[in-house]
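**Q** Take this structure first; my questions come after.
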Amino acid sequence: MTTARGTPATPPGGRPLILFAIPKLAAGGPDRVMAELLNDLPRTRFRFAIVVAEAGGRYFDRLPPDVEVFVLDAGRYPVRKLAALVDRLAPDLVFTTLRMNLTAQLATWLQRHRPPLVVRQANAIAADFAVLKRRSLLKHRIAEWLVTRGFARADAVVAQSGDMADELAPALRAGQRLATIGNPIDIETTRQLAMQQRGALASRPAGAPALVAVGRLTAQKGFDLLIAAMPAILAAHPAAALTIVGSGEAHAALVDLAQRLGVAGSVHLVGQSNGALAMIAAADLFVSSSRYEGFSNAMLEAMALGTPVVGTPCPGATREMIVDGCSGILATAMTPAAVAVAVGRALAADRARLLAGAEQHVRTHYASGVIVERYAELFEQALASAGTSRRASYSAGVPQNMTSSAAMTS
């Protein structure tokens, strides 16, 4: 284990130390969320450190200087090294996401120091499992067991939407908090970044509707549905063009699909791009065609940037982010025909009304200040419950690691 960057020890001053844990801080949605929380959570109430399994990346390099950084230099599930770090650092609370959820759960069995553990689920579980089950029943059963274990010793679990909370609730034991907290976005900073990226944009013909989609090229993102919708979209808007930003295993299949449908000239798969925000801002429409989605950060960015959004009614946060006809347009089904109809509705809609509705929705529900305060309150509640439980267990002579937190749902 190495310390990538450290700050001199500071007197606690009553401020608890929160240890964040994530595999890496590269360019993914969960990476952005963790980095933004570390930047914006109040220093008057907490101190912060972060542990990653892999150094480097877009958000890793932007961490604030008062956050102590640890790199485990280990495999996918560095259980022993994380346990050793927690014992040495003695944080007051550990906050994890992605595969660090399971790593931290397993590490608790090896730790002498057992702080409250808050885990954040990053994707829609049922749909994820359904895909895995079709591929391999054995892998599905193993994954289901691991995810269940991944929540077993948590004091609180964060879901990104009501859909996800409903999925998680049956897996939780009595006494665990279940908090529904969406993802944060700094609206002004996002707009500034998009402005800085504008120089790399290519010009396009006036009056040609520009559609953009962003994400990994996988079955989950449903880009095949979007490409299959293009013949109908082009029938109504012959000059329309679709740009898909992202890379992944489905690239060749998507290129082949566009060619077979005769829309290859109007569909552009551009790979990963450092100018994604500028592309979203310049587009006439952002389309999320996902089959399931924990929380679409790209769609949230589009709403913040003033680009109308279309989404499918998939499991996850999309149906909460899009109030149909107000903050965006929601397709009636996850089919090419329904996507094409939704795109047509969006292009014909009152753009100013959609943009005003989207901005109000984002500022009310997902602005950084709103989400950061919800996390701060959750951390304080978990810390308070842990303190109460420890005092009670000491009075009763019960070992600290056998206590549970008080139940609460938010």
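To be explicit about the labels: the chains of the structure tokens are called A, B, and onward in the order shown, and within each one the residues are counted from 1, while ligands get numbers from 1 in the order they are shown.
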Among the residues of stretch 255-337 of chain A, find those DSSP assigns to strand (DSSP E) from the backbone and print them as a ChimeraX atom specification.
**A** /A:267-271,285-288,309-311,329-330
**Q** Keeping only N, CA and C atoms, write those residues as a PDB file, in the first residue's frame.
**A**
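Wrote again.pdb, looks like this:
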ATOM      1  N   VAL A 267     -25.172   8.016 -38.816  1.00  0.00           N
ATOM      2  CA  VAL A 267     -24.819   7.548 -37.473  1.00  0.00           C
ATOM      3  C   VAL A 267     -23.305   7.575 -37.323  1.00  0.00           C
ATOM      4  N   HIS A 268     -22.821   8.280 -36.324  1.00  0.00           N
ATOM      5  CA  HIS A 268     -21.380   8.453 -36.149  1.00  0.00           C
ATOM      6  C   HIS A 268     -20.973   7.968 -34.757  1.00  0.00           C
ATOM      7  N   LEU A 269     -20.200   6.895 -34.708  1.00  0.00           N
ATOM      8  CA  LEU A 269     -19.653   6.388 -33.452  1.00  0.00           C
ATOM      9  C   LEU A 269     -18.244   6.948 -33.315  1.00  0.00           C
ATOM     10  N   VAL A 270     -18.061   7.884 -32.400  1.00  0.00           N
ATOM     11  CA  VAL A 270     -16.816   8.651 -32.348  1.00  0.00           C
ATOM     12  C   VAL A 270     -15.876   8.202 -31.237  1.00  0.00           C
ATOM     13  N   GLY A 271     -16.251   7.178 -30.469  1.00  0.00           N
ATOM     14  CA  GLY A 271     -15.385   6.707 -29.397  1.00  0.00           C
ATOM     15  C   GLY A 271     -15.398   7.643 -28.203  1.00  0.00           C
ATOM     16  N   LEU A 285     -30.712  17.511 -29.300  1.00  0.00           N
ATOM     17  CA  LEU A 285     -31.407  16.542 -28.468  1.00  0.00           C
ATOM     18  C   LEU A 285     -30.419  15.528 -27.913  1.00  0.00           C
ATOM     19  N   PHE A 286     -30.560  15.217 -26.634  1.00  0.00           N
ATOM     20  CA  PHE A 286     -29.811  14.122 -26.018  1.00  0.00           C
ATOM     21  C   PHE A 286     -30.766  12.949 -25.853  1.00  0.00           C
ATOM     22  N   VAL A 287     -30.308  11.750 -26.245  1.00  0.00           N
ATOM     23  CA  VAL A 287     -31.167  10.572 -26.166  1.00  0.00           C
ATOM     24  C   VAL A 287     -30.514   9.503 -25.297  1.00  0.00           C
ATOM     25  N   SER A 288     -31.243   9.048 -24.281  1.00  0.00           N
ATOM     26  CA  SER A 288     -30.827   7.904 -23.474  1.00  0.00           C
ATOM     27  C   SER A 288     -31.745   6.739 -23.832  1.00  0.00           C
ATOM     28  N   VAL A 309     -33.906  16.457 -23.460  1.00  0.00           N
ATOM     29  CA  VAL A 309     -33.570  15.043 -23.296  1.00  0.00           C
ATOM     30  C   VAL A 309     -34.764  14.150 -23.610  1.00  0.00           C
ATOM     31  N   VAL A 310     -34.433  12.975 -24.158  1.00  0.00           N
ATOM     32  CA  VAL A 310     -35.385  11.893 -24.381  1.00  0.00           C
ATOM     33  C   VAL A 310     -34.846  10.673 -23.652  1.00  0.00           C
ATOM     34  N   GLY A 311     -35.709   9.928 -22.986  1.00  0.00           N
ATOM     35  CA  GLY A 311     -35.261   8.725 -22.295  1.00  0.00           C
ATOM     36  C   GLY A 311     -36.268   7.606 -22.426  1.00  0.00           C
ATOM     37  N   ILE A 329     -38.738  14.300 -22.551  1.00  0.00           N
ATOM     38  CA  ILE A 329     -39.729  13.442 -23.195  1.00  0.00           C
ATOM     39  C   ILE A 329     -39.400  11.994 -22.857  1.00  0.00           C
ATOM     40  N   LEU A 330     -40.386  11.277 -22.342  1.00  0.00           N
ATOM     41  CA  LEU A 330     -40.211   9.882 -21.965  1.00  0.00           C
ATOM     42  C   LEU A 330     -40.895   8.993 -22.993  1.00  0.00           C
TER      43      LEU A 330
END
**Q** For stretch 272-305 of chain A versus stretch 204-224 of chain A, which residues have an atom no more than 8 Å away, and what is each residue's nearest atom pair and distance in Å rounded to one decimal, using only C-alpha atoms, chain-then-number order, as JSON lines?
**A**
{"residue": "A:Ala276", "atom": "CA", "partner": "A:Val214", "partner_atom": "CA", "distance": 7.8}
{"residue": "A:Met279", "atom": "CA", "partner": "A:Val212", "partner_atom": "CA", "distance": 7.3}
{"residue": "A:Ile280", "atom": "CA", "partner": "A:Val212", "partner_atom": "CA", "distance": 6.4}
{"residue": "A:Ala283", "atom": "CA", "partner": "A:Ala210", "partner_atom": "CA", "distance": 5.1}
{"residue": "A:Asp284", "atom": "CA", "partner": "A:Ala210", "partner_atom": "CA", "distance": 5.2}
{"residue": "A:Leu285", "atom": "CA", "partner": "A:Leu211", "partner_atom": "CA", "distance": 4.9}
{"residue": "A:Phe286", "atom": "CA", "partner": "A:Val212", "partner_atom": "CA", "distance": 5.0}
{"residue": "A:Val287", "atom": "CA", "partner": "A:Ala213", "partner_atom": "CA", "distance": 5.3}
{"residue": "A:Ser288", "atom": "CA", "partner": "A:Ala213", "partner_atom": "CA", "distance": 6.3}
{"residue": "A:Ser289", "atom": "CA", "partner": "A:Gly222", "partner_atom": "CA", "distance": 5.1}
{"residue": "A:Ser290", "atom": "CA", "partner": "A:Lys221", "partner_atom": "CA", "distance": 4.0}
{"residue": "A:Arg291", "atom": "CA", "partner": "A:Gln220", "partner_atom": "CA", "distance": 5.3}
{"residue": "A:Tyr292", "atom": "CA", "partner": "A:Gln220", "partner_atom": "CA", "distance": 6.1}
{"residue": "A:Glu293", "atom": "CA", "partner": "A:Gln220", "partner_atom": "CA", "distance": 7.6}
{"residue": "A:Ala298", "atom": "CA", "partner": "A:Val214", "partner_atom": "CA", "distance": 6.4}
**Q** Based on the selection just made, write N, CA and C atoms of those residues as an mmCIF file, in the first residue's frame.
**A**
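The result, stored in again07.cif:
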data_model
loop_
_atom_site.group_PDB
_atom_site.id
_atom_site.type_symbol
_atom_site.label_atom_id
_atom_site.label_comp_id
_atom_site.auth_asym_id
_atom_site.auth_seq_id
_atom_site.Cartn_x
_atom_site.Cartn_y
_atom_site.Cartn_z
ATOM 1 N N ALA A 276 -16.936 15.660 -24.815
ATOM 2 C CA ALA A 276 -18.309 15.149 -24.726
ATOM 3 C C ALA A 276 -19.293 16.215 -24.251
ATOM 4 N N MET A 279 -20.178 18.492 -27.072
ATOM 5 C CA MET A 279 -21.063 17.816 -28.024
ATOM 6 C C MET A 279 -22.498 17.791 -27.516
ATOM 7 N N ILE A 280 -22.655 17.522 -26.227
ATOM 8 C CA ILE A 280 -23.996 17.513 -25.640
ATOM 9 C C ILE A 280 -24.614 18.905 -25.718
ATOM 10 N N ALA A 283 -25.820 19.887 -29.233
ATOM 11 C CA ALA A 283 -26.832 19.044 -29.870
ATOM 12 C C ALA A 283 -28.231 19.637 -29.714
ATOM 13 N N ASP A 284 -29.117 19.221 -30.604
ATOM 14 C CA ASP A 284 -30.524 19.612 -30.491
ATOM 15 C C ASP A 284 -31.269 18.712 -29.515
ATOM 16 N N LEU A 285 -30.712 17.511 -29.300
ATOM 17 C CA LEU A 285 -31.407 16.542 -28.468
ATOM 18 C C LEU A 285 -30.419 15.528 -27.913
ATOM 19 N N PHE A 286 -30.560 15.217 -26.634
ATOM 20 C CA PHE A 286 -29.811 14.122 -26.018
ATOM 21 C C PHE A 286 -30.766 12.949 -25.853
ATOM 22 N N VAL A 287 -30.308 11.750 -26.245
ATOM 23 C CA VAL A 287 -31.167 10.572 -26.166
ATOM 24 C C VAL A 287 -30.514 9.503 -25.297
ATOM 25 N N SER A 288 -31.243 9.048 -24.281
ATOM 26 C CA SER A 288 -30.827 7.904 -23.474
ATOM 27 C C SER A 288 -31.745 6.739 -23.832
ATOM 28 N N SER A 289 -31.169 5.701 -24.436
ATOM 29 C CA SER A 289 -31.962 4.557 -24.909
ATOM 30 C C SER A 289 -31.720 3.321 -24.050
ATOM 31 N N SER A 290 -31.313 3.518 -22.810
ATOM 32 C CA SER A 290 -30.894 2.406 -21.950
ATOM 33 C C SER A 290 -32.018 1.406 -21.680
ATOM 34 N N ARG A 291 -31.600 0.140 -21.543
ATOM 35 C CA ARG A 291 -32.528 -0.914 -21.112
ATOM 36 C C ARG A 291 -32.677 -0.907 -19.585
ATOM 37 N N TYR A 292 -31.640 -0.497 -18.902
ATOM 38 C CA TYR A 292 -31.691 -0.245 -17.461
ATOM 39 C C TYR A 292 -30.561 0.706 -17.135
ATOM 40 N N GLU A 293 -30.716 1.443 -16.046
ATOM 41 C CA GLU A 293 -29.764 2.512 -15.752
ATOM 42 C C GLU A 293 -29.842 2.837 -14.270
ATOM 43 N N ALA A 298 -24.822 11.322 -17.803
ATOM 44 C CA ALA A 298 -24.784 12.050 -19.073
ATOM 45 C C ALA A 298 -26.097 12.793 -19.309
#
**Q** Of the candidates A:Val67, A:Leu117, A:Ala104, A:Ala55, which shows the shortest atom-to-atom distance to A:Ser385, using only C-alpha atoms?
**A**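 Nearest candidate to A:Ser385 out of A:Val67, A:Leu117, A:Ala104, A:Ala55: A:Leu117.
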**Q** Using only C-alpha atoms, determine which residues lie at most 12 Å from A:Ala84, disregarding the query and same-chain residues fewer than 3 positions distant; provide the list as a PyMOL selection string.
**A** chain A and resi 1+51+70+72+78-81+87-91+104+107-114
**Q** May I ask which of the residues A:Thr97, A:Asn274, A:Tyr77, A:Ala235 is the closest one to A:Arg58, counting only C-alpha atoms?
**A**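 Using only C-alpha atoms, A:Arg58 sits closest to A:Asn274.
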**Q** For atom CA of A:Gln121 and atom CA of A:Tyr375, determine how far apart the two atoms are, in Å to one decimal place.
**A**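 Between atom CA of A:Gln121 and atom CA of A:Tyr375 the gap works out to 14.0 Å.
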**Q** Could you give me, as a Markdown table, every stretch 330-389 of chain A residue with an atom at most 12 Å from stretch 167-182 of chain A, plus its closest atom pair and distance in Å to one decimal, counting only C-alpha atoms, rows ordered by chain then number?
**A**
| residue | atom | partner | partner_atom | distance |
| --- | --- | --- | --- | --- |
| A:Val362 | CA | A:Gly182 | CA | 10.5 |
| A:Thr364 | CA | A:Gly182 | CA | 11.5 |
| A:His365 | CA | A:Gly182 | CA | 7.8 |
| A:Tyr366 | CA | A:Gly182 | CA | 6.5 |
| A:Ala367 | CA | A:Gly182 | CA | 9.7 |
| A:Ser368 | CA | A:Gly182 | CA | 10.2 |
| A:Val370 | CA | A:Gly182 | CA | 9.7 |
| A:Ile371 | CA | A:Ile181 | CA | 6.9 |
| A:Val372 | CA | A:Ile181 | CA | 9.5 |
| A:Glu373 | CA | A:Ile181 | CA | 10.3 |
| A:Arg374 | CA | A:Ile181 | CA | 7.1 |
| A:Tyr375 | CA | A:Ile181 | CA | 7.7 |
| A:Ala376 | CA | A:Ile181 | CA | 11.3 |
| A:Glu377 | CA | A:Ala179 | CA | 10.5 |
| A:Leu378 | CA | A:Ala179 | CA | 7.7 |
| A:Phe379 | CA | A:Ala179 | CA | 10.9 |
| A:Gln381 | CA | A:Arg177 | CA | 9.5 |
| A:Ala382 | CA | A:Arg177 | CA | 8.4 |
| A:Ser385 | CA | A:Gly175 | CA | 10.3 |
| A:Ala386 | CA | A:Gly175 | CA | 11.5 |
| A:Ser389 | CA | A:Gly175 | CA | 11.3 |
**Q** Hey, can you check how far atom CA of A:Leu277 sits from atom CA of A:Glu359?
**A**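 Going from atom CA of A:Leu277 over to atom CA of A:Glu359 covers 16.4 Å.
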**Q** Find the residues near A:Leu354: any atom within 12 Å, counting only C-alpha atoms, skip ones fewer than 5 places away on the same chain, and give them as a list in words.
**A**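 Near neighbours after the sequence-gap exclusion: Asp284, Leu285, Ala302, Met303, Ala304, Gly306, Thr307, Pro308, Val309, Val310, Ile322, Val323, Asp324, Gly325, Cys326, Ser327, Gly328, Ile329, Arg345, Ala346, Leu347, Ala348, Ala349, Glu359, Gln360 and His361 of chain A.
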**Q** As a compact mmCIF listing (two decimals) with N, CA and C atoms, in the first residue's frame, please: every residue in stretch 208-385 of chain A that DSSP puts in helix (DSSP H, G or I).
**A**
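Okay, this is what ended up in part28.txt:
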# COMPACT_ATOMS: atom_id res chain seq x y z
N ALA A 219 -24.88 -3.71 -24.28
CA ALA A 219 -26.31 -3.97 -24.44
C ALA A 219 -27.14 -3.13 -23.48
N GLN A 220 -26.61 -2.88 -22.27
CA GLN A 220 -27.35 -2.10 -21.28
C GLN A 220 -27.78 -0.75 -21.82
N LYS A 221 -26.92 -0.09 -22.57
CA LYS A 221 -27.18 1.28 -23.02
C LYS A 221 -28.18 1.35 -24.17
N PHE A 223 -28.03 1.21 -27.42
CA PHE A 223 -27.75 1.98 -28.63
C PHE A 223 -28.25 1.27 -29.89
N ASP A 224 -28.40 -0.05 -29.82
CA ASP A 224 -29.00 -0.77 -30.95
C ASP A 224 -30.45 -0.33 -31.15
N LEU A 225 -31.17 -0.08 -30.06
CA LEU A 225 -32.55 0.42 -30.18
C LEU A 225 -32.57 1.80 -30.84
N LEU A 226 -31.62 2.63 -30.46
CA LEU A 226 -31.56 3.99 -31.00
C LEU A 226 -31.21 3.98 -32.48
N ILE A 227 -30.22 3.15 -32.85
CA ILE A 227 -29.86 3.05 -34.27
C ILE A 227 -31.01 2.46 -35.07
N ALA A 228 -31.71 1.48 -34.50
CA ALA A 228 -32.86 0.89 -35.19
C ALA A 228 -34.01 1.88 -35.33
N ALA A 229 -34.02 2.92 -34.51
CA ALA A 229 -35.04 3.96 -34.63
C ALA A 229 -34.71 4.98 -35.71
N MET A 230 -33.47 5.00 -36.17
CA MET A 230 -33.03 6.04 -37.11
C MET A 230 -33.78 6.03 -38.45
N PRO A 231 -34.14 4.89 -39.05
CA PRO A 231 -34.90 4.97 -40.31
C PRO A 231 -36.19 5.78 -40.15
N ALA A 232 -36.92 5.56 -39.06
CA ALA A 232 -38.16 6.31 -38.84
C ALA A 232 -37.86 7.79 -38.55
N ILE A 233 -36.79 8.05 -37.79
CA ILE A 233 -36.42 9.43 -37.51
C ILE A 233 -36.04 10.16 -38.79
N LEU A 234 -35.26 9.49 -39.64
CA LEU A 234 -34.82 10.10 -40.90
C LEU A 234 -35.97 10.29 -41.87
N ALA A 235 -36.99 9.45 -41.78
CA ALA A 235 -38.15 9.62 -42.66
C ALA A 235 -38.84 10.95 -42.38
N ALA A 236 -38.83 11.36 -41.11
CA ALA A 236 -39.45 12.63 -40.74
C ALA A 236 -38.47 13.80 -40.79
N HIS A 251 -19.15 -2.14 -30.28
CA HIS A 251 -18.85 -1.19 -31.36
C HIS A 251 -19.06 -1.81 -32.73
N ALA A 252 -18.45 -2.94 -32.99
CA ALA A 252 -18.55 -3.56 -34.32
C ALA A 252 -19.99 -3.92 -34.66
N ALA A 253 -20.72 -4.44 -33.69
CA ALA A 253 -22.12 -4.83 -33.93
C ALA A 253 -22.98 -3.61 -34.25
N LEU A 254 -22.71 -2.49 -33.60
CA LEU A 254 -23.49 -1.27 -33.86
C LEU A 254 -23.18 -0.70 -35.24
N VAL A 255 -21.91 -0.73 -35.62
CA VAL A 255 -21.53 -0.29 -36.97
C VAL A 255 -22.22 -1.16 -38.02
N ASP A 256 -22.21 -2.46 -37.79
CA ASP A 256 -22.85 -3.39 -38.73
C ASP A 256 -24.35 -3.14 -38.80
N LEU A 257 -24.99 -2.88 -37.67
CA LEU A 257 -26.43 -2.61 -37.66
C LEU A 257 -26.76 -1.36 -38.47
N ALA A 258 -25.98 -0.30 -38.28
CA ALA A 258 -26.22 0.93 -39.03
C ALA A 258 -26.09 0.70 -40.53
N GLN A 259 -25.11 -0.11 -40.92
CA GLN A 259 -24.92 -0.40 -42.34
C GLN A 259 -26.08 -1.22 -42.89
N ARG A 260 -26.53 -2.23 -42.14
CA ARG A 260 -27.62 -3.09 -42.60
C ARG A 260 -28.93 -2.31 -42.74
N ALA A 264 -25.92 4.28 -42.05
CA ALA A 264 -24.52 4.48 -41.64
C ALA A 264 -24.05 5.91 -41.88
N GLY A 265 -24.56 6.56 -42.92
CA GLY A 265 -24.15 7.92 -43.21
C GLY A 265 -24.67 8.94 -42.22
N SER A 266 -25.65 8.54 -41.43
CA SER A 266 -26.25 9.46 -40.45
C SER A 266 -25.94 9.09 -39.01
N ALA A 276 -16.94 15.66 -24.81
CA ALA A 276 -18.31 15.15 -24.73
C ALA A 276 -19.29 16.21 -24.25
N LEU A 277 -18.89 17.02 -23.28
CA LEU A 277 -19.81 18.05 -22.77
C LEU A 277 -20.15 19.06 -23.86
N ALA A 278 -19.16 19.45 -24.65
CA ALA A 278 -19.42 20.39 -25.74
C ALA A 278 -20.35 19.78 -26.78
N MET A 279 -20.18 18.49 -27.07
CA MET A 279 -21.06 17.82 -28.02
C MET A 279 -22.50 17.79 -27.52
N ILE A 280 -22.65 17.52 -26.23
CA ILE A 280 -24.00 17.51 -25.64
C ILE A 280 -24.61 18.91 -25.72
N ALA A 281 -23.83 19.92 -25.36
CA ALA A 281 -24.35 21.29 -25.35
C ALA A 281 -24.74 21.77 -26.74
N ALA A 282 -24.02 21.31 -27.76
CA ALA A 282 -24.27 21.76 -29.13
C ALA A 282 -25.40 21.00 -29.81
N ASN A 297 -25.69 9.92 -15.58
CA ASN A 297 -24.97 11.18 -15.38
C ASN A 297 -24.93 12.00 -16.66
N ALA A 298 -24.82 11.32 -17.80
CA ALA A 298 -24.78 12.05 -19.07
C ALA A 298 -26.10 12.79 -19.31
N MET A 299 -27.22 12.16 -18.98
CA MET A 299 -28.50 12.84 -19.14
C MET A 299 -28.62 14.01 -18.16
N LEU A 300 -28.12 13.83 -16.95
CA LEU A 300 -28.11 14.93 -15.99
C LEU A 300 -27.29 16.10 -16.52
N GLU A 301 -26.14 15.80 -17.14
CA GLU A 301 -25.31 16.85 -17.73
C GLU A 301 -26.06 17.56 -18.85
N ALA A 302 -26.77 16.80 -19.69
CA ALA A 302 -27.55 17.41 -20.77
C ALA A 302 -28.60 18.37 -20.22
N MET A 303 -29.29 17.95 -19.18
CA MET A 303 -30.32 18.80 -18.58
C MET A 303 -29.70 20.07 -18.01
N ALA A 304 -28.51 19.96 -17.43
CA ALA A 304 -27.83 21.13 -16.88
C ALA A 304 -27.31 22.05 -17.98
N LEU A 305 -26.98 21.46 -19.14
CA LEU A 305 -26.39 22.23 -20.24
C LEU A 305 -27.43 22.87 -21.15
N THR A 318 -34.30 7.16 -14.51
CA THR A 318 -34.75 7.95 -15.66
C THR A 318 -36.17 8.46 -15.49
N ARG A 319 -37.07 7.63 -14.97
CA ARG A 319 -38.46 8.05 -14.83
C ARG A 319 -38.65 9.09 -13.73
N GLU A 320 -37.65 9.27 -12.89
CA GLU A 320 -37.69 10.34 -11.90
C GLU A 320 -37.06 11.61 -12.47
N MET A 321 -36.06 11.46 -13.31
CA MET A 321 -35.38 12.61 -13.89
C MET A 321 -36.25 13.28 -14.96
N PRO A 336 -37.54 0.41 -30.70
CA PRO A 336 -37.15 1.41 -31.70
C PRO A 336 -38.30 2.32 -32.10
N ALA A 337 -39.49 1.76 -32.27
CA ALA A 337 -40.64 2.57 -32.68
C ALA A 337 -40.97 3.62 -31.63
N ALA A 338 -40.96 3.22 -30.35
CA ALA A 338 -41.27 4.17 -29.28
C ALA A 338 -40.19 5.24 -29.15
N VAL A 339 -38.94 4.86 -29.34
CA VAL A 339 -37.85 5.83 -29.30
C VAL A 339 -38.00 6.84 -30.43
N ALA A 340 -38.32 6.37 -31.63
CA ALA A 340 -38.50 7.27 -32.77
C ALA A 340 -39.63 8.25 -32.53
N VAL A 341 -40.74 7.77 -31.97
CA VAL A 341 -41.87 8.66 -31.67
C VAL A 341 -41.46 9.70 -30.63
N ALA A 342 -40.73 9.29 -29.61
CA ALA A 342 -40.30 10.22 -28.56
C ALA A 342 -39.36 11.28 -29.12
N VAL A 343 -38.45 10.88 -30.00
CA VAL A 343 -37.55 11.85 -30.63
C VAL A 343 -38.36 12.85 -31.45
N GLY A 344 -39.34 12.36 -32.20
CA GLY A 344 -40.19 13.26 -32.98
C GLY A 344 -40.95 14.23 -32.10
N ARG A 345 -41.46 13.75 -30.97
CA ARG A 345 -42.16 14.63 -30.03
C ARG A 345 -41.23 15.71 -29.49
N ALA A 346 -40.01 15.31 -29.17
CA ALA A 346 -39.06 16.26 -28.59
C ALA A 346 -38.66 17.34 -29.59
N LEU A 347 -38.44 16.93 -30.84
CA LEU A 347 -38.05 17.91 -31.86
C LEU A 347 -39.18 18.88 -32.18
N ALA A 348 -40.42 18.44 -31.98
CA ALA A 348 -41.57 19.30 -32.27
C ALA A 348 -42.04 20.09 -31.05
N ARG A 351 -39.24 24.07 -27.15
CA ARG A 351 -37.90 23.87 -26.60
C ARG A 351 -37.70 24.67 -25.32
N ALA A 352 -38.15 25.92 -25.33
CA ALA A 352 -37.95 26.78 -24.16
C ALA A 352 -38.65 26.20 -22.93
N ARG A 353 -39.82 25.62 -23.13
CA ARG A 353 -40.56 25.03 -22.01
C ARG A 353 -39.82 23.82 -21.46
N LEU A 354 -39.31 22.96 -22.35
CA LEU A 354 -38.56 21.79 -21.90
C LEU A 354 -37.31 22.20 -21.13
N LEU A 355 -36.61 23.20 -21.65
CA LEU A 355 -35.37 23.61 -21.00
C LEU A 355 -35.63 24.24 -19.63
N ALA A 356 -36.67 25.05 -19.54
CA ALA A 356 -37.00 25.66 -18.25
C ALA A 356 -37.41 24.59 -17.24
N GLY A 357 -38.19 23.62 -17.69
CA GLY A 357 -38.60 22.54 -16.80
C GLY A 357 -37.43 21.70 -16.34
N ALA A 358 -36.50 21.42 -17.27
CA ALA A 358 -35.33 20.61 -16.93
C ALA A 358 -34.44 21.33 -15.93
N GLU A 359 -34.20 22.62 -16.16
CA GLU A 359 -33.33 23.37 -15.24
C GLU A 359 -33.94 23.44 -13.84
N GLN A 360 -35.24 23.70 -13.77
CA GLN A 360 -35.88 23.76 -12.46
C GLN A 360 -35.80 22.40 -11.75
N HIS A 361 -36.00 21.32 -12.51
CA HIS A 361 -35.96 19.98 -11.93
C HIS A 361 -34.57 19.66 -11.39
N VAL A 362 -33.55 20.01 -12.17
CA VAL A 362 -32.17 19.74 -11.76
C VAL A 362 -31.80 20.57 -10.54
N ARG A 363 -32.12 21.85 -10.56
CA ARG A 363 -31.76 22.71 -9.43
C ARG A 363 -32.49 22.29 -8.15
N THR A 364 -33.70 21.79 -8.29
CA THR A 364 -34.48 21.39 -7.12
C THR A 364 -34.00 20.07 -6.54
N HIS A 365 -33.67 19.11 -7.42
CA HIS A 365 -33.43 17.74 -6.95
C HIS A 365 -31.98 17.29 -7.01
N SER A 368 -25.65 20.38 -6.71
CA SER A 368 -24.64 19.91 -5.76
C SER A 368 -24.99 20.21 -4.31
N GLY A 369 -25.44 21.43 -4.05
CA GLY A 369 -25.75 21.80 -2.67
C GLY A 369 -26.83 20.93 -2.05
N VAL A 370 -27.82 20.55 -2.86
CA VAL A 370 -28.92 19.72 -2.37
C VAL A 370 -28.43 18.32 -2.02
N ILE A 371 -27.69 17.71 -2.96
CA ILE A 371 -27.23 16.32 -2.77
C ILE A 371 -26.15 16.24 -1.69
N VAL A 372 -25.25 17.20 -1.69
CA VAL A 372 -24.17 17.20 -0.69
C VAL A 372 -24.75 17.27 0.72
N GLU A 373 -25.75 18.09 0.93
CA GLU A 373 -26.36 18.20 2.26
C GLU A 373 -27.05 16.89 2.65
N ARG A 374 -27.65 16.20 1.71
CA ARG A 374 -28.29 14.92 2.03
C ARG A 374 -27.25 13.89 2.46
N TYR A 375 -26.11 13.87 1.77
CA TYR A 375 -25.04 12.96 2.19
C TYR A 375 -24.48 13.36 3.55
N ALA A 376 -24.29 14.65 3.76
CA ALA A 376 -23.76 15.11 5.05
C ALA A 376 -24.70 14.68 6.19
N GLU A 377 -25.99 14.83 5.98
CA GLU A 377 -26.95 14.43 7.01
C GLU A 377 -26.93 12.92 7.23
N LEU A 378 -26.81 12.14 6.14
CA LEU A 378 -26.74 10.69 6.28
C LEU A 378 -25.51 10.27 7.08
N PHE A 379 -24.36 10.86 6.76
CA PHE A 379 -23.13 10.54 7.50
C PHE A 379 -23.29 10.88 8.98
N GLU A 380 -23.86 12.04 9.27
CA GLU A 380 -24.02 12.44 10.67
C GLU A 380 -24.99 11.52 11.41
N GLN A 381 -26.05 11.08 10.72
CA GLN A 381 -27.00 10.15 11.34
C GLN A 381 -26.34 8.81 11.63
N ALA A 382 -25.54 8.31 10.67
CA ALA A 382 -24.85 7.03 10.89
C ALA A 382 -23.84 7.14 12.02
N LEU A 383 -23.14 8.26 12.10
CA LEU A 383 -22.17 8.47 13.18
C LEU A 383 -22.87 8.56 14.53
N ALA A 384 -24.00 9.27 14.56
CA ALA A 384 -24.72 9.41 15.82
C ALA A 384 -25.26 8.06 16.30
N SER A 385 -25.81 7.28 15.37
CA SER A 385 -26.34 5.96 15.75
C SER A 385 -25.23 5.04 16.22
**Q** Counting only C-alpha atoms, what are the residues of stretch 145-192 of chain A within 8 Å of stretch 29-50 of chain A, and for each of them which pair of atoms is the nearest and at what distance in Å, to one decimal? Sort the table by chain and rising number, as JSON lines.
**A**
{"residue": "A:Asn183", "atom": "CA", "partner": "A:Val33", "partner_atom": "CA", "distance": 6.5}
{"residue": "A:Pro184", "atom": "CA", "partner": "A:Val33", "partner_atom": "CA", "distance": 6.6}
{"residue": "A:Ile185", "atom": "CA", "partner": "A:Glu36", "partner_atom": "CA", "distance": 7.9}
**Q** Those selected residues, please, written with N, CA and C atoms and delivered as a PDB file, in the first residue's frame.
**A**
ATOM      1  N   ASN A 183     -27.708  11.720  -7.874  1.00  0.00           N
ATOM      2  CA  ASN A 183     -26.338  12.173  -8.099  1.00  0.00           C
ATOM      3  C   ASN A 183     -26.273  13.694  -8.188  1.00  0.00           C
ATOM      4  N   PRO A 184     -25.168  14.279  -7.733  1.00  0.00           N
ATOM      5  CA  PRO A 184     -25.043  15.736  -7.754  1.00  0.00           C
ATOM      6  C   PRO A 184     -24.475  16.243  -9.070  1.00  0.00           C
ATOM      7  N   ILE A 185     -24.790  17.495  -9.381  1.00  0.00           N
ATOM      8  CA  ILE A 185     -24.124  18.149 -10.504  1.00  0.00           C
ATOM      9  C   ILE A 185     -23.938  19.624 -10.171  1.00  0.00           C
TER      10      ILE A 185
END
